[in-house]
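A.B. asks: This is the content of final03.txt (compact mmCIF, C-alpha atoms):
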```txt
# COMPACT_ATOMS: atom_id res chain seq x y z
CA MET A 152 0.00 0.00 0.00
CA VAL A 153 1.44 3.40 -1.02
CA ALA A 154 1.27 6.26 1.45
CA PRO A 155 -0.68 9.33 0.34
CA ALA A 156 1.35 12.16 -1.19
CA HIS A 157 0.59 14.59 1.63
CA ILE A 158 2.17 12.15 4.10
CA LEU A 159 5.35 11.72 1.97
CA LEU A 160 5.81 15.49 1.76
CA SER A 161 5.16 16.11 5.41
CA THR A 162 8.07 17.82 7.17
CA SER A 163 7.64 15.39 10.02
CA ASN A 164 8.33 12.50 7.69
CA PRO A 165 11.83 11.07 8.49
CA LEU A 166 12.47 10.52 4.77
CA PHE A 167 11.91 14.21 4.01
CA GLY A 168 14.28 15.23 6.83
CA THR A 169 17.00 12.92 5.54
CA ILE A 170 16.69 14.25 2.00
CA GLY A 171 16.81 17.84 3.29
CA VAL A 172 19.97 17.21 5.26
CA MET A 173 21.59 15.53 2.27
CA LEU A 174 20.67 18.46 0.03
CA ILE A 175 22.15 20.94 2.50
CA MET A 176 25.33 18.86 2.77
CA LEU A 177 25.54 18.68 -1.03
CA VAL A 178 25.19 22.46 -1.33
CA LEU A 179 27.86 23.02 1.34
CA PHE A 180 30.15 20.54 -0.38
CA ILE A 181 29.76 22.35 -3.70
CA ILE A 182 30.41 25.72 -2.06
CA PHE A 183 33.49 24.77 -0.06
CA LYS A 184 34.99 22.09 -2.28
CA VAL A 185 34.25 23.53 -5.70
CA LEU A 186 33.18 27.17 -5.74
CA VAL A 187 35.63 28.52 -3.14
CA PRO A 188 38.75 26.95 -4.73
CA LEU A 189 37.45 27.90 -8.16
CA PHE A 190 37.00 31.50 -7.01
CA TYR A 191 40.57 31.63 -5.67
CA TRP A 192 41.91 30.12 -8.87
CA ILE A 193 40.06 32.63 -11.08
CA ASN A 194 41.13 35.51 -8.82
CA ASN A 195 44.75 34.36 -9.04
CA VAL A 196 44.57 34.17 -12.84
CA ILE A 197 43.19 37.73 -12.94
CA GLU A 198 45.98 38.94 -10.60
CA GLN A 199 48.62 37.28 -12.76
CA TRP A 200 47.18 38.77 -15.94
CA SER A 201 46.95 42.25 -14.42
CA SER A 202 50.49 42.01 -13.07
CA ASN A 203 51.89 40.84 -16.41
CA ALA A 204 50.12 43.66 -18.26
CA GLU A 205 51.52 46.28 -15.89
CA MET A 206 54.98 44.75 -16.08
CA LYS A 207 54.89 45.01 -19.87
CA ALA A 208 53.81 48.64 -19.63
CA LEU A 209 56.68 49.38 -17.23
CA ALA A 210 59.12 47.58 -19.52
CA ARG A 211 58.05 49.72 -22.49
CA LYS A 212 58.42 52.88 -20.42
CA GLN A 213 61.85 51.75 -19.21
CA GLN A 214 63.01 51.15 -22.79
CA ALA A 215 61.98 54.70 -23.71
CA ASN A 216 63.73 56.09 -20.62
CA ASP A 217 66.90 54.10 -21.40
CA LYS A 218 66.97 55.49 -24.93
CA ARG A 219 66.58 59.06 -23.67
CA THR A 220 69.22 58.49 -20.97
CA ARG A 221 71.75 57.20 -23.53
CA GLN A 222 71.16 60.27 -25.66
CA LEU A 223 71.89 62.55 -22.69
CA ILE A 224 75.02 60.58 -21.81
CA ASP A 225 76.22 60.83 -25.42
CA LYS A 226 75.77 64.61 -25.22
CA GLY A 227 78.03 64.72 -22.17
CA VAL A 228 75.35 65.52 -19.59
CA PRO A 229 76.69 64.52 -16.12
CA ALA A 230 74.81 61.57 -14.69
CA ILE A 231 73.51 60.58 -11.28
CA LEU A 232 75.12 57.27 -10.38
CA TYR A 233 73.12 54.73 -8.38
CA LEU A 234 75.21 52.33 -6.28
CA ARG A 235 73.75 49.54 -4.17
CA PRO A 236 74.41 45.95 -3.14
CA PHE A 237 73.01 43.79 -5.91
CA LEU A 238 70.99 41.83 -3.37
CA LEU A 239 68.67 44.85 -3.21
CA ASP A 240 67.78 44.41 -6.87
CA GLY A 241 64.82 42.32 -7.94
CA THR A 242 61.38 42.81 -9.36
CA HIS A 243 59.57 39.96 -7.62
CA GLN A 244 60.30 38.81 -4.12
CA TYR A 245 58.74 35.59 -2.95
CA SER A 246 58.66 34.19 0.55
CA GLU A 247 56.33 32.01 2.57
CA ASN A 248 54.20 35.09 3.13
CA ASN A 249 53.73 35.50 -0.63
CA TYR A 250 51.76 32.27 -0.96
CA LYS A 251 48.20 31.38 -0.06
CA THR A 252 46.87 27.87 0.40
CA VAL A 253 43.27 27.17 -0.54
CA PRO A 254 41.28 23.93 -0.77
CA THR A 255 41.83 21.89 -3.91
CA VAL A 256 39.34 20.12 -6.13
CA THR A 257 39.82 18.26 -9.41
CA ILE A 258 37.27 18.73 -12.17
CA LYS A 259 37.82 16.73 -15.35
CA GLY A 260 41.53 16.51 -14.70
CA MET A 261 41.98 20.22 -13.81
CA VAL A 262 43.15 21.03 -10.29
CA PHE A 263 41.75 24.19 -8.73
CA GLY A 264 43.17 25.73 -5.57
CA GLY A 265 46.20 24.50 -3.68
CA HIS A 266 49.45 26.38 -2.98
CA LEU A 267 49.11 29.49 -5.16
CA PRO A 268 51.72 32.24 -5.51
CA THR A 269 50.49 35.75 -4.83
CA GLN A 270 52.49 37.89 -7.23
CA GLN A 271 53.87 41.22 -6.08
CA LEU A 272 54.33 43.52 -9.05
CA LEU A 273 57.25 45.39 -7.56
CA SER A 274 59.20 44.86 -4.40
CA ILE A 275 59.60 47.84 -2.09
CA GLU A 276 63.22 48.17 -3.26
CA LYS A 277 62.06 48.52 -6.86
CA ASN A 278 59.45 51.09 -5.98
CA PHE A 279 62.19 52.92 -4.13
CA GLU A 280 64.48 52.88 -7.15
CA LEU A 281 61.72 54.22 -9.36
CA ASN A 282 61.17 57.04 -6.88
CA LEU A 283 64.88 57.84 -6.98
CA ALA A 284 64.78 57.88 -10.76
CA GLN A 285 61.92 60.38 -10.69
CA SER A 286 63.79 62.59 -8.23
CA THR A 287 66.72 62.90 -10.67
CA GLU A 288 64.77 63.86 -13.78
CA SER A 289 65.59 67.58 -13.37
CA ILE A 290 69.25 66.93 -12.56
CA GLY A 291 70.53 64.43 -15.08
CA PRO A 292 70.39 60.89 -16.45
CA PHE A 293 70.07 58.13 -13.84
CA VAL A 294 72.53 55.25 -14.35
CA ALA A 295 73.84 52.19 -12.56
CA ILE A 296 76.10 49.20 -13.03
CA GLY A 297 73.95 46.16 -13.65
CA SER A 298 74.21 42.90 -11.80
CA PRO A 299 75.63 40.00 -13.85
CA ARG A 300 72.50 38.12 -12.77
CA GLY A 301 70.27 41.09 -13.46
CA SER A 302 66.84 40.80 -14.98
CA LYS A 303 65.56 42.55 -18.07
CA ASN A 304 62.77 43.70 -15.76
CA ASP A 305 65.02 45.98 -13.69
CA PHE A 306 63.22 49.31 -13.60
CA GLY A 307 64.68 52.70 -12.72
CA ALA A 308 68.26 53.38 -13.68
CA LEU A 309 69.83 52.67 -17.05
CA ARG A 310 72.18 49.77 -16.39
CA PHE A 311 75.64 49.28 -17.85
CA PHE A 312 77.07 45.76 -17.80
CA TYR A 313 80.79 45.03 -17.50
CA THR A 314 82.97 41.98 -17.08
CA ASP A 315 84.73 41.19 -13.80
CA GLU A 316 88.03 42.34 -15.31
CA ILE A 317 86.96 45.93 -16.02
CA TRP A 318 83.97 46.76 -13.80
CA GLN A 319 86.02 48.60 -11.16
CA GLU A 320 87.71 50.72 -13.81
CA LYS A 321 84.34 51.58 -15.34
CA ALA A 322 82.79 52.24 -11.93
CA THR A 323 85.59 54.66 -11.09
CA GLU A 324 85.02 56.44 -14.39
CA LEU A 325 81.29 56.75 -13.67
CA MET A 326 81.96 58.09 -10.17
CA GLN A 327 84.37 60.70 -11.52
CA LYS A 328 82.01 61.94 -14.22
CA SER A 329 78.80 61.85 -12.18
CA ARG A 330 77.18 65.00 -10.86
CA MET A 331 75.85 63.19 -7.81
CA ILE A 332 75.96 59.67 -6.38
CA TYR A 333 73.19 57.78 -4.61
CA VAL A 334 74.29 54.96 -2.34
CA ARG A 335 71.41 52.66 -1.42
CA LEU A 336 71.89 50.85 1.88
CA GLY A 337 70.17 47.95 3.57
CA ASN A 338 70.61 46.71 7.13
CA ILE A 339 73.38 44.40 5.94
CA ILE A 340 76.38 45.53 3.89
CA PRO A 341 77.77 42.52 2.00
CA ASP A 342 81.52 42.09 1.52
CA GLY A 343 81.06 42.60 -2.21
CA PHE A 344 80.06 46.22 -1.59
CA ASP A 345 83.23 47.00 0.36
CA TRP A 346 85.19 48.42 -2.58
CA GLU A 347 82.46 50.91 -3.54
CA LEU A 348 82.16 52.29 0.00
CA HIS A 349 85.92 52.79 0.29
CA GLN A 350 85.95 54.63 -3.03
CA ILE A 351 83.07 56.85 -1.98
CA ARG A 352 84.62 57.71 1.36
CA ASP A 353 88.08 58.41 -0.04
CA CYS A 354 87.22 60.29 -3.23
CA TYR A 355 83.56 61.21 -3.72
CA PHE A 356 82.16 61.72 -0.24
CA TYR A 357 80.81 65.23 -0.67
CA LYS A 358 78.71 64.57 -3.74
CA THR A 359 77.13 61.44 -2.32
CA ILE A 360 73.71 60.94 -0.76
CA PHE A 361 73.19 57.78 1.28
CA VAL A 362 69.68 56.37 1.06
CA ALA A 363 67.86 54.02 3.43
CA HIS A 364 64.26 53.15 4.27
CA SER A 365 62.12 50.77 6.33
CA LEU A 366 64.23 51.69 9.34
CA GLN A 367 64.00 49.65 12.53
CA LYS A 368 66.16 50.34 15.56
CA VAL A 369 68.13 47.10 15.58
CA GLY A 370 68.74 47.08 11.83
CA TYR A 371 69.64 50.76 11.71
CA ASN A 372 72.12 50.49 14.56
CA GLN A 373 73.66 47.46 12.88
CA LEU A 374 74.07 49.50 9.69
CA LYS A 375 75.38 52.53 11.60
CA ASN A 376 78.03 50.46 13.38
CA LYS A 377 79.11 48.82 10.13
CA LEU A 378 79.54 52.21 8.44
CA LYS A 379 81.90 53.31 11.21
CA GLU A 380 84.44 50.91 9.71
CA TYR A 381 84.53 53.20 6.66
CA ASN A 382 84.62 56.36 8.77
CA ILE A 383 81.05 57.15 7.69
CA LEU A 384 79.25 58.41 10.78
CA PHE A 385 75.47 58.31 10.63
CA PRO A 386 73.19 60.14 13.11
CA PRO A 387 71.97 58.30 16.22
CA TYR A 388 68.70 56.42 15.93
CA LYS A 389 66.86 58.81 18.25
CA ARG A 390 67.32 61.59 15.71
CA ILE A 391 65.97 59.65 12.75
CA GLU A 392 63.44 57.23 14.27
CA ALA A 393 60.48 59.25 12.93
CA CYS A 394 61.80 59.03 9.36
CA LYS A 395 60.18 56.52 7.03
CA GLU A 396 62.90 57.24 4.50
CA LEU A 397 66.33 58.57 5.35
CA TYR A 398 68.69 60.60 3.16
CA VAL A 399 72.11 61.39 4.61
CA ALA A 400 74.88 63.55 3.13
CA PHE A 401 78.04 65.14 4.52
CA ASN A 402 79.32 68.69 4.28
CA GLU A 403 82.94 69.69 3.74
CA LYS A 404 83.57 69.52 7.48
CA GLY A 405 82.51 65.89 7.46
CA GLN A 406 79.34 66.60 9.44
CA TYR A 407 76.21 64.69 8.51
CA GLU A 408 73.09 66.35 7.19
CA PHE A 409 69.94 64.28 6.97
CA SER A 410 66.33 64.61 5.95
CA GLU A 411 63.26 62.54 5.17
CA LYS A 412 63.02 64.46 1.90
CA ILE A 413 65.91 64.33 -0.52
CA GLU A 414 65.09 67.76 -1.94
CA GLU A 415 66.01 69.39 1.38
CA LEU A 416 69.65 68.29 1.35
CA PRO A 417 72.25 70.90 0.29
CA VAL A 418 73.99 68.35 -1.95
CA TYR A 419 70.78 67.82 -3.88
CA LYS A 420 70.06 71.55 -4.10
CA LYS A 421 73.57 72.24 -5.43
CA SER A 422 73.31 69.49 -8.03
CA LEU A 423 69.94 70.81 -9.16
CA ALA A 424 71.30 74.37 -9.43
CA ASP A 425 74.37 73.18 -11.36
CA ALA A 426 72.14 71.22 -13.75
CA ARG A 427 69.96 74.26 -14.40
CA ASN A 428 73.02 76.41 -14.96
CA LYS A 429 74.53 73.65 -17.14
CA LEU A 430 77.69 73.50 -15.07
```
Turn the structure described in the file into structure tokens.
C.D. replies:
Amino acid sequence: MVAPAHILLSTSNPLFGTIGVMLIMLVLFIIFKVLVPLFYWINNVIEQWSSNAEMKALARKQQANDKRTRQLIDKGVPAILYLRPFLLDGTHQYSENNYKTVPTVTIKGMVFGGHLPTQQLLSIEKNFELNLAQSTESIGPFVAIGSPRGSKNDFGALRFFYTDEIWQEKATELMQKSRMIYVRLGNIIPDGFDWELHQIRDCYFYKTIFVAHSLQKVGYNQLKNKLKEYNILFPPYKRIEACKELYVAFNEKGQYEFSEKIEELPVYKKSLADARNKL
């Protein structure tokens, strides 16, 4: 005997309750095992596409800037030389914090979710270099020696590449001819940057601006103590702790002058005036 339809559809019917629970579980399964990973996967694809498009735009702009910079160099316009440890170069920086893990699901052989890289278009160092490049536009062409392991996606300064046999000779020539020198510093000064710092201190100290950012007390004091070995005396941390970015130069008496804005330093002002007067 078949039960009447109104009894089968009754909410008090155990069969109806079981079907309802199964439907809810199926919906939750689809949401958390399919839709959520699929959403993350689509979002990651969009991020990658957007990042690649912006990278290509930056690369085109850099090529135009490099061409213009070479023309100025060929005309004999004094350059601004950018020195830094090569370890501060790099367009993308990945670490454990640059990855996100989402649930995975396989649909017709395609895996969605999992351990996905979150791409950073530019590291903070690269943004910093681009800012430096913009600050030199009124003074002269912005140049640097490129890392042997450098990427074609290095943005900012025009890079010259030299062999190990001649790079110091070429670096000395660039220092001599430059109107101003930027020295980019991190908390750690590698041994490979030792030669450049000695050259700066001995020969080109008074046309150099030292640049640092993301300053923390421990790291800054570590840097400050290391620079003492080159007779480069930075201000105490208490005087600069409010600075998000730090620019330090030295006058002819060897006394430091610092600011959070590069435009306020006398060395920068003199270089700008000389450029305008074509000296």
A.B. asks: For Lys421 in chain A, which residue out of A:Val228, A:Ile340, A:Ile197, A:Met331 is the nearest one, using only C-alpha atoms?
C.D. replies: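 Using only C-alpha atoms, Lys421 in chain A sits closest to A:Met331.
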A.B. asks: By how many Å are CA of Arg330 in chain A and CA of Pro229 in chain A apart?
C.D. replies: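 Atom-to-atom, CA of Arg330 in chain A and CA of Pro229 in chain A are spaced 5.3 Å apart.
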A.B. asks: So how many Å separate CA of Tyr313 in chain A and CA of Leu281 in chain A, to one decimal?
C.D. replies: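 Rounded to one decimal, the two atoms are 22.7 Å apart.
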A.B. asks: Quick one: residues within 9 Å of (68.7, 55.2, 4.3) (file frame), counting all atoms listed in the file, please, as a VMD selection string.
C.D. replies: chain A and resid 334 to 337 361 to 366 371 396 to 399
A.B. asks: Choose the residue, out of A:Gln285, A:Gly227, A:Phe409, A:Glu324, that has the smallest atom-to-atom separation from Leu430 in chain A; count only C-alpha atoms.
C.D. replies: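 Answer, going by the shortest atom-to-atom distance: A:Gly227.
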A.B. asks: Let me make sure I understand: among A:Phe344, A:Phe279, A:Phe237, A:Phe356, which one has the smallest atom-to-atom distance to Arg300 in chain A if we use all atoms listed in the file?
C.D. replies: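 Looking only at the distances to Arg300 in chain A, the closest residue turns out to be A:Phe237.
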A.B. asks: To one decimal in Å, tell me the separation between CA of Tyr381 in chain A and CA of Leu234 in chain A.
C.D. replies: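 Distance reported for this atom pair: 16.0 Å.
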A.B. asks: Select, from A:Ala400, A:Ile290, A:Val369, A:Leu232, the residue with the minimum atom-to-atom distance to Tyr333 in chain A, counting only C-alpha atoms.
C.D. replies: A:Leu232
A.B. asks: Taking all atoms listed in the file into account, name the residue in A:Phe306, A:Tyr233, A:Phe180, A:Tyr407 that is nearest to Gln214 in chain A.
C.D. replies: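 The shortest atom-to-atom distance to Gln214 in chain A comes from A:Phe306.
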A.B. asks: For a quick check of understanding, using all atoms listed in the file, which of A:Pro188, A:Asp305, A:Tyr388, A:Leu238 has the smallest distance to Ala210 in chain A?
C.D. replies: A:Asp305
A.B. asks: Just want the 12 Å neighbourhood of Ser422 in chain A, counted on only C-alpha atoms, with same-chain residues fewer than 6 positions away dropped. Output as a list in words.
C.D. replies: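 Result of the neighbour search: Pro229, Ala230, Ile231, Ser286, Thr287, Glu288, Ser289, Ile290, Gly291, Ser329, Arg330, Met331, Ile332, Tyr357, Lys358, Thr359, Ile360, Ile413, Glu414, Glu415, Leu416, Asn428, Lys429 and Leu430 of chain A.
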A.B. asks: Take range 210-221 of chain A, bring it up to all heavy atoms, and give me the output as a CSV table (one decimal), in the coordinates of the input.
C.D. replies:
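Resulting contents of selection_1.csv:
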```csv
chain,number,residue,atom,x,y,z
A,210,ALA,N,58.0,47.9,-18.7
A,210,ALA,CA,59.1,47.6,-19.5
A,210,ALA,C,59.2,48.5,-20.7
A,210,ALA,O,60.3,49.0,-21.1
A,210,ALA,CB,59.0,46.1,-20.0
A,211,ARG,N,58.1,48.8,-21.3
A,211,ARG,CA,58.0,49.7,-22.5
A,211,ARG,C,58.5,51.1,-22.1
A,211,ARG,O,59.3,51.8,-22.8
A,211,ARG,CB,56.6,49.8,-23.1
A,211,ARG,CG,56.2,48.5,-23.9
A,211,ARG,CD,55.0,48.7,-24.7
A,211,ARG,NE,53.8,49.1,-23.9
A,211,ARG,CZ,53.0,48.1,-23.4
A,211,ARG,NH1,53.2,46.9,-23.6
A,211,ARG,NH2,52.0,48.5,-22.7
A,212,LYS,N,58.0,51.6,-20.9
A,212,LYS,CA,58.4,52.9,-20.4
A,212,LYS,C,59.9,52.9,-20.1
A,212,LYS,O,60.6,53.9,-20.4
A,212,LYS,CB,57.6,53.2,-19.2
A,212,LYS,CG,57.9,54.6,-18.6
A,212,LYS,CD,57.0,54.9,-17.4
A,212,LYS,CE,57.3,56.3,-16.9
A,212,LYS,NZ,56.5,56.6,-15.7
A,213,GLN,N,60.4,51.8,-19.5
A,213,GLN,CA,61.8,51.8,-19.2
A,213,GLN,C,62.7,51.8,-20.5
A,213,GLN,O,63.7,52.5,-20.5
A,213,GLN,CB,62.2,50.5,-18.4
A,213,GLN,CG,63.6,50.4,-18.0
A,213,GLN,CD,64.0,51.4,-17.0
A,213,GLN,OE1,63.2,51.8,-16.1
A,213,GLN,NE2,65.2,52.0,-17.1
A,214,GLN,N,62.3,51.1,-21.5
A,214,GLN,CA,63.0,51.2,-22.8
A,214,GLN,C,63.1,52.6,-23.3
A,214,GLN,O,64.1,53.0,-23.8
A,214,GLN,CB,62.3,50.2,-23.8
A,214,GLN,CG,62.5,48.7,-23.5
A,214,GLN,CD,61.8,47.9,-24.5
A,214,GLN,OE1,61.0,48.3,-25.3
A,214,GLN,NE2,62.0,46.6,-24.4
A,215,ALA,N,62.0,53.3,-23.2
A,215,ALA,CA,62.0,54.7,-23.7
A,215,ALA,C,62.9,55.6,-22.8
A,215,ALA,O,63.7,56.4,-23.4
A,215,ALA,CB,60.6,55.2,-23.7
A,216,ASN,N,62.9,55.3,-21.5
A,216,ASN,CA,63.7,56.1,-20.6
A,216,ASN,C,65.2,55.8,-20.9
A,216,ASN,O,66.1,56.7,-20.8
A,216,ASN,CB,63.4,55.8,-19.2
A,216,ASN,CG,62.1,56.4,-18.7
A,216,ASN,OD1,61.6,57.3,-19.4
A,216,ASN,ND2,61.5,55.9,-17.7
A,217,ASP,N,65.5,54.5,-21.1
A,217,ASP,CA,66.9,54.1,-21.4
A,217,ASP,C,67.4,54.8,-22.7
A,217,ASP,O,68.6,55.2,-22.7
A,217,ASP,CB,67.0,52.6,-21.5
A,217,ASP,CG,66.9,51.9,-20.2
A,217,ASP,OD1,66.9,52.5,-19.2
A,217,ASP,OD2,66.8,50.6,-20.2
A,218,LYS,N,66.6,54.8,-23.7
A,218,LYS,CA,67.0,55.5,-24.9
A,218,LYS,C,67.3,57.0,-24.7
A,218,LYS,O,68.3,57.5,-25.2
A,218,LYS,CB,65.9,55.3,-26.0
A,218,LYS,CG,66.2,55.9,-27.3
A,218,LYS,CD,65.1,55.7,-28.3
A,218,LYS,CE,65.4,56.3,-29.7
A,218,LYS,NZ,64.3,56.1,-30.7
A,219,ARG,N,66.4,57.6,-24.0
A,219,ARG,CA,66.6,59.1,-23.7
A,219,ARG,C,67.8,59.3,-22.8
A,219,ARG,O,68.6,60.2,-23.0
A,219,ARG,CB,65.3,59.6,-23.0
A,219,ARG,CG,65.4,61.1,-22.7
A,219,ARG,CD,64.0,61.6,-22.4
A,219,ARG,NE,63.4,60.9,-21.2
A,219,ARG,CZ,62.4,60.1,-21.3
A,219,ARG,NH1,61.9,59.8,-22.5
A,219,ARG,NH2,61.9,59.5,-20.2
A,220,THR,N,68.0,58.4,-21.8
A,220,THR,CA,69.2,58.5,-21.0
A,220,THR,C,70.5,58.3,-21.8
A,220,THR,O,71.5,59.1,-21.6
A,220,THR,CB,69.2,57.4,-19.9
A,220,THR,OG1,68.0,57.6,-19.1
A,220,THR,CG2,70.4,57.5,-19.0
A,221,ARG,N,70.6,57.4,-22.7
A,221,ARG,CA,71.8,57.2,-23.5
A,221,ARG,C,72.0,58.4,-24.4
A,221,ARG,O,73.2,58.8,-24.6
A,221,ARG,CB,71.6,56.0,-24.4
A,221,ARG,CG,71.6,54.7,-23.7
A,221,ARG,CD,71.5,53.5,-24.6
A,221,ARG,NE,71.4,52.2,-23.9
A,221,ARG,CZ,72.4,51.6,-23.4
A,221,ARG,NH1,73.6,52.0,-23.5
A,221,ARG,NH2,72.2,50.4,-22.7
```
